[in-house]
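run14.cif (mmCIF, C-alpha atoms)
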```cif
data_entry
#
loop_
_atom_site.group_PDB
_atom_site.id
_atom_site.type_symbol
_atom_site.label_atom_id
_atom_site.label_comp_id
_atom_site.auth_asym_id
_atom_site.auth_seq_id
_atom_site.Cartn_x
_atom_site.Cartn_y
_atom_site.Cartn_z
ATOM 1 C CA MET G 1 2.758 12.610 -6.251
ATOM 2 C CA ILE G 2 4.319 12.778 -9.692
ATOM 3 C CA TYR G 3 7.274 10.772 -11.001
ATOM 4 C CA ASP G 4 9.099 12.435 -13.874
ATOM 5 C CA GLU G 5 10.612 9.568 -15.853
ATOM 6 C CA LYS G 6 12.829 11.783 -18.017
ATOM 7 C CA ASN G 7 14.522 13.507 -15.088
ATOM 8 C CA GLN G 8 14.156 10.572 -12.666
ATOM 9 C CA THR G 9 12.564 12.924 -10.179
ATOM 10 C CA LEU G 10 9.870 12.367 -7.577
ATOM 11 C CA ILE G 11 7.789 15.513 -7.096
ATOM 12 C CA VAL G 12 5.844 15.723 -3.847
ATOM 13 C CA SER G 13 3.900 18.446 -2.089
ATOM 14 C CA LYS G 14 5.770 20.430 0.507
ATOM 15 C CA SER G 15 3.376 19.292 3.249
ATOM 16 C CA LEU G 16 4.010 15.626 2.458
ATOM 17 C CA TYR G 17 7.756 16.230 2.251
ATOM 18 C CA GLU G 18 7.856 17.823 5.697
ATOM 19 C CA LYS G 19 5.170 15.801 7.502
ATOM 20 C CA SER G 20 6.514 13.931 10.536
ATOM 21 C CA PHE G 21 6.146 10.169 10.592
ATOM 22 C CA SER G 22 4.184 8.339 13.249
ATOM 23 C CA THR G 23 5.840 7.381 16.517
ATOM 24 C CA ALA G 24 6.007 3.752 15.364
ATOM 25 C CA ASP G 25 8.102 4.763 12.345
ATOM 26 C CA SER G 26 10.868 6.021 14.620
ATOM 27 C CA LYS G 27 11.797 2.370 15.227
ATOM 28 C CA LYS G 28 12.484 1.651 11.555
ATOM 29 C CA PRO G 29 16.146 0.822 10.841
ATOM 30 C CA LEU G 30 16.524 3.607 8.269
ATOM 31 C CA VAL G 31 15.127 6.193 10.680
ATOM 32 C CA LYS G 32 17.477 4.983 13.405
ATOM 33 C CA LEU G 33 20.399 6.091 11.230
ATOM 34 C CA LEU G 34 19.389 9.708 11.789
ATOM 35 C CA PRO G 35 20.837 11.635 14.723
ATOM 36 C CA VAL G 36 18.947 10.670 17.872
ATOM 37 C CA GLU G 37 17.359 14.092 18.276
ATOM 38 C CA LYS G 38 15.778 13.822 14.785
ATOM 39 C CA GLN G 39 14.371 10.299 15.036
ATOM 40 C CA ALA G 40 11.173 11.146 16.925
ATOM 41 C CA THR G 41 10.192 13.726 14.291
ATOM 42 C CA ALA G 42 11.561 11.949 11.228
ATOM 43 C CA SER G 43 10.160 12.831 7.815
ATOM 44 C CA ILE G 44 10.970 12.373 4.135
ATOM 45 C CA LYS G 45 12.738 15.729 4.377
ATOM 46 C CA ALA G 46 14.894 14.587 7.294
ATOM 47 C CA LEU G 47 15.882 11.357 5.551
ATOM 48 C CA TYR G 48 16.530 13.048 2.210
ATOM 49 C CA GLU G 49 18.583 15.920 3.568
ATOM 50 C CA ASP G 50 20.771 13.785 5.839
ATOM 51 C CA ALA G 51 23.958 12.558 4.140
ATOM 52 C CA THR G 52 23.805 9.221 5.952
ATOM 53 C CA THR G 53 20.257 8.311 4.936
ATOM 54 C CA LYS G 54 19.671 10.030 1.562
ATOM 55 C CA THR G 55 21.182 7.321 -0.635
ATOM 56 C CA LYS G 56 19.459 4.570 1.324
ATOM 57 C CA LEU G 57 16.093 6.358 1.088
ATOM 58 C CA LEU G 58 16.369 6.728 -2.700
ATOM 59 C CA ALA G 59 17.419 3.084 -3.041
ATOM 60 C CA CYS G 60 14.440 2.028 -0.923
ATOM 61 C CA LEU G 61 11.969 4.046 -3.009
ATOM 62 C CA LYS G 62 13.521 2.731 -6.217
ATOM 63 C CA GLN G 63 13.007 -0.855 -5.058
ATOM 64 C CA LYS G 64 9.470 -0.348 -3.758
ATOM 65 C CA LEU G 65 8.167 1.857 -6.583
ATOM 66 C CA GLY G 66 10.091 0.160 -9.378
ATOM 67 C CA CYS G 67 11.594 3.358 -10.788
ATOM 68 C CA SER G 68 14.977 5.028 -10.562
ATOM 69 C CA ILE G 69 14.814 8.174 -8.433
ATOM 70 C CA GLU G 70 17.763 10.543 -8.508
ATOM 71 C CA MET G 71 16.138 13.341 -6.547
ATOM 72 C CA ILE G 72 13.028 14.435 -4.676
ATOM 73 C CA ILE G 73 11.721 17.952 -5.177
ATOM 74 C CA HIS G 74 8.956 19.782 -3.354
ATOM 75 C CA PRO G 75 7.468 23.000 -4.762
ATOM 76 C CA ASP G 76 7.753 25.774 -2.200
ATOM 77 C CA SER G 77 4.594 27.651 -3.192
ATOM 78 C CA PRO G 78 1.324 27.215 -5.094
ATOM 79 C CA ASP G 79 2.794 29.145 -8.041
ATOM 80 C CA ASP G 80 5.866 26.913 -8.092
ATOM 81 C CA ALA G 81 3.619 23.845 -7.921
ATOM 82 C CA LYS G 82 1.547 25.143 -10.831
ATOM 83 C CA THR G 83 4.703 25.603 -12.903
ATOM 84 C CA LYS G 84 5.787 22.034 -12.194
ATOM 85 C CA ILE G 85 2.349 20.675 -13.085
ATOM 86 C CA GLU G 86 2.025 22.699 -16.279
ATOM 87 C CA ALA G 87 5.286 21.178 -17.473
ATOM 88 C CA PHE G 88 3.347 17.956 -18.027
ATOM 89 C CA THR G 89 0.709 19.462 -20.288
ATOM 90 C CA ASP G 90 0.209 22.423 -22.625
ATOM 91 C CA SER G 91 -2.327 25.010 -21.578
ATOM 92 C CA ALA G 92 -2.856 26.043 -25.223
ATOM 93 C CA TYR G 93 -4.390 22.656 -25.989
ATOM 94 C CA CYS G 94 -5.510 21.654 -22.510
ATOM 95 C CA PRO G 95 -9.277 21.223 -21.991
ATOM 96 C CA GLU G 96 -10.739 22.871 -18.925
ATOM 97 C CA GLY G 97 -10.367 20.751 -15.829
ATOM 98 C CA ILE G 98 -7.108 18.979 -16.688
ATOM 99 C CA LEU G 99 -4.813 21.160 -14.586
ATOM 100 C CA PRO G 100 -7.047 20.733 -11.497
ATOM 101 C CA ARG G 101 -6.982 16.964 -12.062
ATOM 102 C CA LEU G 102 -3.190 17.009 -12.319
ATOM 103 C CA LYS G 103 -3.021 19.060 -9.135
ATOM 104 C CA GLN G 104 -5.339 16.598 -7.412
ATOM 105 C CA VAL G 105 -2.960 13.735 -8.194
ATOM 106 C CA PHE G 106 0.060 15.855 -7.297
ATOM 107 C CA ILE G 107 -1.129 16.591 -3.745
ATOM 108 C CA HIS G 108 -2.527 13.076 -3.157
ATOM 109 C CA LYS G 109 -0.294 11.138 -0.746
ATOM 110 C CA TYR G 110 -1.658 7.785 -1.913
ATOM 111 C CA GLN G 111 -1.529 8.269 -5.688
ATOM 112 C CA LEU G 112 1.424 8.377 -8.057
ATOM 113 C CA LEU G 113 1.331 9.643 -11.645
ATOM 114 C CA ARG G 114 4.200 8.248 -13.696
ATOM 115 C CA VAL G 115 4.956 10.862 -16.335
ATOM 116 C CA LYS G 116 6.441 9.076 -19.318
ATOM 117 C CA THR G 117 9.227 10.739 -21.276
ATOM 118 C CA GLY G 118 7.822 12.939 -24.029
ATOM 119 C CA VAL G 119 4.196 12.565 -22.900
ATOM 120 C CA LYS G 120 1.867 15.523 -22.412
ATOM 121 C CA TYR G 121 -1.447 15.095 -20.593
ATOM 122 C CA TYR G 122 -4.504 16.511 -22.324
ATOM 123 C CA ASP G 123 -7.379 14.539 -20.846
ATOM 124 C CA THR G 124 -8.412 12.943 -17.587
ATOM 125 C CA GLU G 125 -8.439 9.485 -19.141
ATOM 126 C CA SER G 126 -4.703 9.617 -19.862
ATOM 127 C CA ILE G 127 -4.031 10.889 -16.356
ATOM 128 C CA SER G 128 -6.027 8.033 -14.857
ATOM 129 C CA SER G 129 -4.352 5.372 -16.993
ATOM 130 C CA ASP G 130 -0.849 6.422 -15.904
ATOM 131 C CA SER G 131 -1.612 7.018 -12.216
ATOM 132 C CA GLU G 132 -1.796 4.334 -9.561
ATOM 133 C CA TRP G 133 -2.573 3.808 -5.908
ATOM 134 C CA ILE G 134 0.411 3.353 -3.593
ATOM 135 C CA VAL G 135 0.902 3.102 0.144
ATOM 136 C CA ALA G 136 2.113 6.236 1.928
ATOM 137 C CA LEU G 137 5.801 7.051 1.390
ATOM 138 C CA ASN G 138 6.684 6.347 5.016
ATOM 139 C CA ASP G 139 5.076 2.900 4.691
ATOM 140 C CA LEU G 140 7.454 2.092 1.831
ATOM 141 C CA ILE G 141 10.312 2.240 4.344
ATOM 142 C CA PRO G 142 10.811 -1.260 5.832
ATOM 143 C CA GLU G 143 10.034 -1.879 9.471
ATOM 144 C CA GLU G 144 12.338 -3.589 11.917
ATOM 145 C CA ASP G 145 12.359 -7.333 11.212
ATOM 146 C CA ASP G 146 9.946 -8.908 13.710
ATOM 147 C CA LEU G 147 10.048 -12.351 12.071
ATOM 148 C CA THR G 148 13.678 -13.146 12.751
ATOM 149 C CA ASP G 149 12.829 -15.368 15.747
ATOM 150 C CA TYR G 150 10.625 -17.498 13.485
ATOM 151 C CA LEU G 151 13.042 -18.145 10.620
ATOM 152 C CA ASN G 152 12.992 -21.908 11.124
ATOM 153 C CA VAL G 153 9.564 -22.121 12.741
ATOM 154 C CA ILE G 154 6.704 -23.826 10.920
ATOM 155 C CA PRO G 155 3.593 -21.668 11.455
ATOM 156 C CA ASP G 156 0.936 -23.443 13.482
ATOM 157 C CA LYS G 157 -2.133 -22.249 15.356
ATOM 158 C CA SER G 158 -0.689 -23.588 18.607
ATOM 159 C CA ASN G 159 2.234 -21.152 18.336
ATOM 160 C CA SER G 160 0.641 -17.779 19.034
ATOM 161 C CA GLY G 161 3.900 -15.932 18.401
ATOM 162 C CA ILE G 162 4.175 -16.731 14.718
ATOM 163 C CA TRP G 163 0.460 -17.319 14.126
ATOM 164 C CA SER G 164 -0.332 -13.731 15.140
ATOM 165 C CA LYS G 165 1.845 -12.465 12.273
ATOM 166 C CA VAL G 166 0.563 -14.492 9.312
ATOM 167 C CA CYS G 167 -2.762 -12.748 8.616
ATOM 168 C CA ARG G 168 -1.656 -11.686 5.107
ATOM 169 C CA LEU G 169 -0.715 -15.264 4.285
ATOM 170 C CA ILE G 170 -4.032 -16.508 5.671
ATOM 171 C CA ALA G 171 -5.930 -14.023 3.498
ATOM 172 C CA LEU G 172 -4.030 -15.127 0.386
ATOM 173 C CA ALA G 173 -4.580 -18.798 1.204
ATOM 174 C CA LYS G 174 -8.301 -18.273 1.734
ATOM 175 C CA MET G 175 -8.556 -16.446 -1.590
ATOM 176 C CA ASP G 176 -6.623 -19.259 -3.307
ATOM 177 C CA GLN G 177 -8.993 -22.031 -2.261
ATOM 178 C CA PRO G 178 -9.942 -24.701 -3.123
ATOM 179 C CA ASP G 179 -7.001 -25.918 -5.225
ATOM 180 C CA PHE G 180 -4.330 -23.405 -4.066
ATOM 181 C CA ALA G 181 -3.002 -23.206 -7.623
ATOM 182 C CA LYS G 182 -1.248 -19.856 -7.247
ATOM 183 C CA THR G 183 0.298 -20.816 -3.918
ATOM 184 C CA LYS G 184 1.705 -23.974 -5.470
ATOM 185 C CA ALA G 185 3.029 -22.050 -8.471
ATOM 186 C CA ILE G 186 4.759 -19.397 -6.364
ATOM 187 C CA THR G 187 6.207 -21.689 -3.706
ATOM 188 C CA GLY G 188 6.892 -24.707 -5.889
ATOM 189 C CA ASP G 189 5.241 -26.844 -3.224
ATOM 190 C CA SER G 190 2.821 -29.276 -4.857
ATOM 191 C CA GLY G 191 1.933 -30.728 -1.468
ATOM 192 C CA VAL G 192 -0.266 -27.780 -0.490
ATOM 193 C CA THR G 193 -3.708 -29.299 0.056
ATOM 194 C CA ASP G 194 -5.274 -27.083 2.717
ATOM 195 C CA GLU G 195 -5.149 -23.608 4.206
ATOM 196 C CA LEU G 196 -2.623 -24.425 6.936
ATOM 197 C CA LYS G 197 -0.178 -26.012 4.484
ATOM 198 C CA ALA G 198 -0.592 -23.008 2.212
ATOM 199 C CA VAL G 199 0.325 -20.621 5.038
ATOM 200 C CA GLN G 200 3.314 -22.783 5.957
ATOM 201 C CA ALA G 201 4.527 -22.945 2.353
ATOM 202 C CA LEU G 202 4.173 -19.177 1.904
ATOM 203 C CA HIS G 203 6.042 -18.460 5.145
ATOM 204 C CA LYS G 204 8.888 -20.683 3.992
ATOM 205 C CA TYR G 205 8.982 -19.150 0.517
ATOM 206 C CA TYR G 206 8.736 -15.490 1.472
ATOM 207 C CA TYR G 207 10.679 -15.287 4.696
ATOM 208 C CA LYS G 208 12.926 -18.321 5.112
ATOM 209 C CA ASN G 209 13.976 -18.563 1.465
ATOM 210 C CA ASN G 210 13.770 -14.939 0.306
ATOM 211 C CA GLN G 211 13.915 -12.774 3.473
ATOM 212 C CA ILE G 212 10.701 -10.941 2.530
ATOM 213 C CA MET G 213 8.914 -9.609 5.608
ATOM 214 C CA TYR G 214 5.401 -10.525 4.547
ATOM 215 C CA ASP G 215 3.821 -8.749 7.528
ATOM 216 C CA ASP G 216 5.410 -5.400 6.595
ATOM 217 C CA ALA G 217 3.418 -2.783 4.652
ATOM 218 C CA SER G 218 6.515 -2.021 2.563
ATOM 219 C CA CYS G 219 6.337 -5.539 1.092
ATOM 220 C CA SER G 220 2.590 -5.647 0.478
ATOM 221 C CA SER G 221 2.684 -4.657 -3.189
ATOM 222 C CA GLN G 222 5.404 -7.185 -3.991
ATOM 223 C CA ILE G 223 3.403 -9.988 -2.399
ATOM 224 C CA TYR G 224 -0.055 -9.122 -3.688
ATOM 225 C CA THR G 225 1.021 -8.428 -7.264
ATOM 226 C CA GLY G 226 2.732 -11.822 -7.258
ATOM 227 C CA PHE G 227 -0.742 -13.259 -6.712
ATOM 228 C CA ASN G 228 -2.085 -11.067 -9.563
ATOM 229 C CA TYR G 229 -3.866 -8.586 -7.306
ATOM 230 C CA ARG G 230 -3.889 -4.858 -7.968
ATOM 231 C CA MET G 231 -4.429 -2.068 -5.474
ATOM 232 C CA ILE G 232 -7.740 -0.290 -6.055
ATOM 233 C CA PHE G 233 -7.640 1.921 -2.975
ATOM 234 C CA SER G 234 -5.057 3.217 -0.525
ATOM 235 C CA GLY G 235 -5.652 5.538 2.385
ATOM 236 C CA ASP G 236 -6.626 5.704 6.018
ATOM 237 C CA CYS G 237 -10.375 5.976 6.430
ATOM 238 C CA THR G 238 -13.418 4.516 8.119
ATOM 239 C CA TYR G 239 -15.940 2.445 6.186
ATOM 240 C CA GLU G 240 -18.298 5.402 6.227
ATOM 241 C CA GLU G 241 -15.598 7.499 4.526
ATOM 242 C CA LEU G 242 -14.513 4.684 2.216
ATOM 243 C CA LYS G 243 -17.668 4.846 0.113
ATOM 244 C CA ASN G 244 -16.594 8.257 -1.176
ATOM 245 C CA HIS G 245 -13.298 6.927 -2.534
ATOM 246 C CA VAL G 246 -13.971 3.597 -4.220
ATOM 247 C CA VAL G 247 -16.758 1.590 -5.849
ATOM 248 C CA LEU G 248 -16.859 -2.080 -4.876
ATOM 249 C CA GLU G 249 -18.976 -4.534 -6.811
ATOM 250 C CA SER G 250 -20.129 -7.677 -5.032
ATOM 251 C CA GLY G 251 -17.325 -10.219 -4.862
ATOM 252 C CA TYR G 252 -14.152 -11.063 -2.955
ATOM 253 C CA TYR G 253 -11.296 -8.733 -2.036
ATOM 254 C CA ILE G 254 -8.385 -8.497 0.380
ATOM 255 C CA PHE G 255 -8.554 -5.564 2.788
ATOM 256 C CA ASP G 256 -5.527 -4.240 4.646
ATOM 257 C CA ILE G 257 -6.991 -2.635 7.739
ATOM 258 C CA VAL G 258 -5.080 -1.209 10.688
ATOM 259 C CA GLY G 259 -3.008 -4.074 12.091
ATOM 260 C CA HIS G 260 -4.558 -6.799 9.930
ATOM 261 C CA SER G 261 -5.104 -8.220 6.432
ATOM 262 C CA VAL G 262 -8.284 -10.155 5.680
ATOM 263 C CA LYS G 263 -10.309 -11.768 2.919
ATOM 264 C CA VAL G 264 -13.568 -9.830 2.556
ATOM 265 C CA GLN G 265 -16.746 -10.653 0.705
ATOM 266 C CA VAL G 266 -18.625 -7.586 -0.502
ATOM 267 C CA LEU G 267 -22.228 -8.736 -0.394
ATOM 268 C CA LYS G 268 -23.747 -5.962 -2.500
ATOM 269 C CA LYS G 269 -22.525 -2.975 -4.451
ATOM 270 C CA PHE G 270 -20.801 -0.451 -2.242
ATOM 271 C CA ASP G 271 -20.500 3.131 -3.471
ATOM 272 C CA ALA G 272 -21.181 6.761 -2.580
ATOM 273 C CA ASP G 273 -24.917 6.082 -2.405
ATOM 274 C CA SER G 274 -24.564 3.276 0.128
ATOM 275 C CA GLU G 275 -26.229 4.134 3.433
ATOM 276 C CA ILE G 276 -23.706 2.452 5.666
ATOM 277 C CA ARG G 277 -23.722 2.680 9.449
ATOM 278 C CA PRO G 278 -21.991 0.640 12.164
ATOM 279 C CA GLU G 279 -25.175 -1.323 12.801
ATOM 280 C CA ASN G 280 -25.719 -2.405 9.169
ATOM 281 C CA MET G 281 -22.168 -3.124 8.016
ATOM 282 C CA SER G 282 -22.878 -6.861 7.966
ATOM 283 C CA GLU G 283 -25.255 -6.165 5.077
ATOM 284 C CA PHE G 284 -22.273 -5.035 2.997
ATOM 285 C CA PHE G 285 -19.234 -6.948 4.251
ATOM 286 C CA LYS G 286 -18.385 -10.426 5.461
ATOM 287 C CA PHE G 287 -14.924 -10.888 6.974
ATOM 288 C CA TYR G 288 -12.975 -14.165 6.861
ATOM 289 C CA SER G 289 -10.390 -13.701 9.609
ATOM 290 C CA ASP G 290 -8.928 -16.711 11.355
ATOM 291 C CA PRO G 291 -10.355 -16.473 14.916
ATOM 292 C CA ILE G 292 -7.073 -17.522 16.516
ATOM 293 C CA ASN G 293 -5.013 -15.120 14.421
ATOM 294 C CA TYR G 294 -7.288 -12.108 14.951
ATOM 295 C CA THR G 295 -9.876 -11.428 17.648
ATOM 296 C CA THR G 296 -10.683 -7.721 17.176
ATOM 297 C CA ASP G 297 -13.780 -6.451 15.361
ATOM 298 C CA GLU G 298 -12.676 -5.700 11.790
ATOM 299 C CA LYS G 299 -15.502 -3.223 11.323
ATOM 300 C CA ILE G 300 -14.081 -0.704 13.805
ATOM 301 C CA GLN G 301 -10.664 -0.495 12.147
ATOM 302 C CA LYS G 302 -9.716 1.986 9.450
ATOM 303 C CA VAL G 303 -9.084 0.712 5.936
ATOM 304 C CA ASN G 304 -5.555 1.224 4.571
ATOM 305 C CA ALA G 305 -5.725 -0.631 1.247
ATOM 306 C CA ILE G 306 -7.985 -2.803 -0.907
ATOM 307 C CA TRP G 307 -6.709 -5.398 -3.378
ATOM 308 C CA ALA G 308 -8.679 -7.000 -6.202
ATOM 309 C CA LYS G 309 -8.180 -9.172 -9.274
#
```
Can you present the structure in this file as structure tokens?
Amino acid sequence: MIYDEKNQTLIVSKSLYEKSFSTADSKKPLVKLLPVEKQATASIKALYEDATTKTKLLACLKQKLGCSIEMIIHPDSPDDAKTKIEAFTDSAYCPEGILPRLKQVFIHKYQLLRVKTGVKYYDTESISSDSEWIVALNDLIPEEDDLTDYLNVIPDKSNSGIWSKVCRLIALAKMDQPDFAKTKAITGDSGVTDELKAVQALHKYYYKNNQIMYDDASCSSQIYTGFNYRMIFSGDCTYEELKNHVVLESGYYIFDIVGHSVKVQVLKKFDADSEIRPENMSEFFKFYSDPINYTTDEKIQKVNAIWAK
């Protein structure tokens, strides 16, 4: 995707614009504002072209992406797409390979190139420096609030209802050990001395005090960047596929996998040359899930995002 700062325009591929959301997305409050017959096959197109939801969609994207969006356009043909892309460079001075790189970013559903006013792109380095990983557009639309019953509940392992929802907070707390300095700074709670108290303080800060649904993908960037993490991968792939998209040096990361967030230790360099198979994954990754919070095998889930410092 490309964001044109000058014209405050989000430019997406036609396929992404028209692609239907998952069945689960039909339950999102914004989608429920569509006519009933359109909810099951909702898309960015449906939300943008409906008078009831268009303004709310643009406001949502503005908040989640941090940029003012006045309109969304979608080239209707490869030639039209090429024209849009060439507007951000100058073929007379453009080295070979730049237009394909721009096109690659343009059609990528998990990458966003922010085109700054007056900037032309002549090399891949400048493209890379101004592009970023993001979650899929439909994941930027907030889910139905499933934490409302726990507004005044203090998370505890004995309460399976709330404890099943705090995996992101657990991952952050585990990464913030042993002194929990960032947790204390964010929450203002100097009494955080262990992992449980960290989770409790974060629940209170994010949800009770600020109504941030910390278990929602649409809030992930807001939460992780507050802890000084940056997204280094976004997608929907197996670990075998992951090696072709990102290089991970040994160290600690937070992985968002399907239905879960977890602190992960990468035990040795992981890249395109890694010979990874289901039976040897423990040679590459060690997962730090709380066994009461999460009981499924992390290795069989697809990876949606990776966060690093």
In Å, rounded to a single decimal, give me how far atom CA of G:Gln211 is from atom CA of G:Asp146. 11.6 Å
So how many Å separate atom CA of G:Gly191 and atom CA of G:Pro155, to one decimal? 15.9 Å
Residues near G:Ala201, anyone? I mean within 10 Å using all atoms listed in the file, not counting same-chain ones fewer than 6 positions away, as a ChimeraX atom specification. /G:154-155,169,183-184,186-192,195,208
One decimal, Å: what's the distance from atom CA of G:Asp90 over to atom CA of G:Lys14, could you say? 23.9 Å
Determine, using all atoms listed in the file, which residues of stretch 197-253 of chain G have any atom at most 12 Å from an atom of stretch 130-133 of chain G, and tabulate each with its shortest atom pair and distance in Å to one decimal place, rows ordered by chain and then rising number, as CSV.
```
residue,atom,partner,partner_atom,distance
G:Ser221,CA,G:Trp133,CA,10.3
G:Arg230,CA,G:Trp133,CA,9.0
G:Met231,CA,G:Trp133,CA,6.2
G:Ile232,CA,G:Trp133,CA,6.6
G:Phe233,CA,G:Trp133,CA,6.2
G:Ser234,CA,G:Trp133,CA,6.0
G:Gly235,CA,G:Trp133,CA,9.0
G:His245,CA,G:Trp133,CA,11.7
G:Val246,CA,G:Trp133,CA,11.5
```
How about saving the chosen residues, C-alpha atoms kept, as a PDB file, in the frame of the given file?
```pdb
ATOM      1  CA  SER G 221       2.684  -4.657  -3.189  1.00  0.00           C
ATOM      2  CA  ARG G 230      -3.889  -4.858  -7.968  1.00  0.00           C
ATOM      3  CA  MET G 231      -4.429  -2.068  -5.474  1.00  0.00           C
ATOM      4  CA  ILE G 232      -7.740  -0.290  -6.055  1.00  0.00           C
ATOM      5  CA  PHE G 233      -7.640   1.921  -2.975  1.00  0.00           C
ATOM      6  CA  SER G 234      -5.057   3.217  -0.525  1.00  0.00           C
ATOM      7  CA  GLY G 235      -5.652   5.538   2.385  1.00  0.00           C
ATOM      8  CA  HIS G 245     -13.298   6.927  -2.534  1.00  0.00           C
ATOM      9  CA  VAL G 246     -13.971   3.597  -4.220  1.00  0.00           C
TER      10      VAL G 246
END
```
If the PyMOL selection byres ((chain G and resi 41) around 12) were run on this exact file, what residues would it hold? Put them as a ChimeraX atom specification. /G:18-27,31-32,34-40,42-47
Restricted to C-alpha atoms, what would the selected residues look like written as a CSV table (one decimal), keeping the file's coordinate frame?
```csv
chain,number,residue,atom,x,y,z
G,18,GLU,CA,7.9,17.8,5.7
G,19,LYS,CA,5.2,15.8,7.5
G,20,SER,CA,6.5,13.9,10.5
G,21,PHE,CA,6.1,10.2,10.6
G,22,SER,CA,4.2,8.3,13.2
G,23,THR,CA,5.8,7.4,16.5
G,24,ALA,CA,6.0,3.8,15.4
G,25,ASP,CA,8.1,4.8,12.3
G,26,SER,CA,10.9,6.0,14.6
G,27,LYS,CA,11.8,2.4,15.2
G,31,VAL,CA,15.1,6.2,10.7
G,32,LYS,CA,17.5,5.0,13.4
G,34,LEU,CA,19.4,9.7,11.8
G,35,PRO,CA,20.8,11.6,14.7
G,36,VAL,CA,18.9,10.7,17.9
G,37,GLU,CA,17.4,14.1,18.3
G,38,LYS,CA,15.8,13.8,14.8
G,39,GLN,CA,14.4,10.3,15.0
G,40,ALA,CA,11.2,11.1,16.9
G,42,ALA,CA,11.6,11.9,11.2
G,43,SER,CA,10.2,12.8,7.8
G,44,ILE,CA,11.0,12.4,4.1
G,45,LYS,CA,12.7,15.7,4.4
G,46,ALA,CA,14.9,14.6,7.3
G,47,LEU,CA,15.9,11.4,5.6
```
For G:Phe285, please output as a ChimeraX atom specification all residues within 7 Å (counting only C-alpha atoms; exclusion window: fewer than 5 positions along the same chain). /G:264-267
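Compared by their closest atoms to G:Met1, and using only C-alpha atoms, the residues G:Asn210, G:Gln63, G:Ser261, G:Gln104 rank with G:Gln104 nearest.
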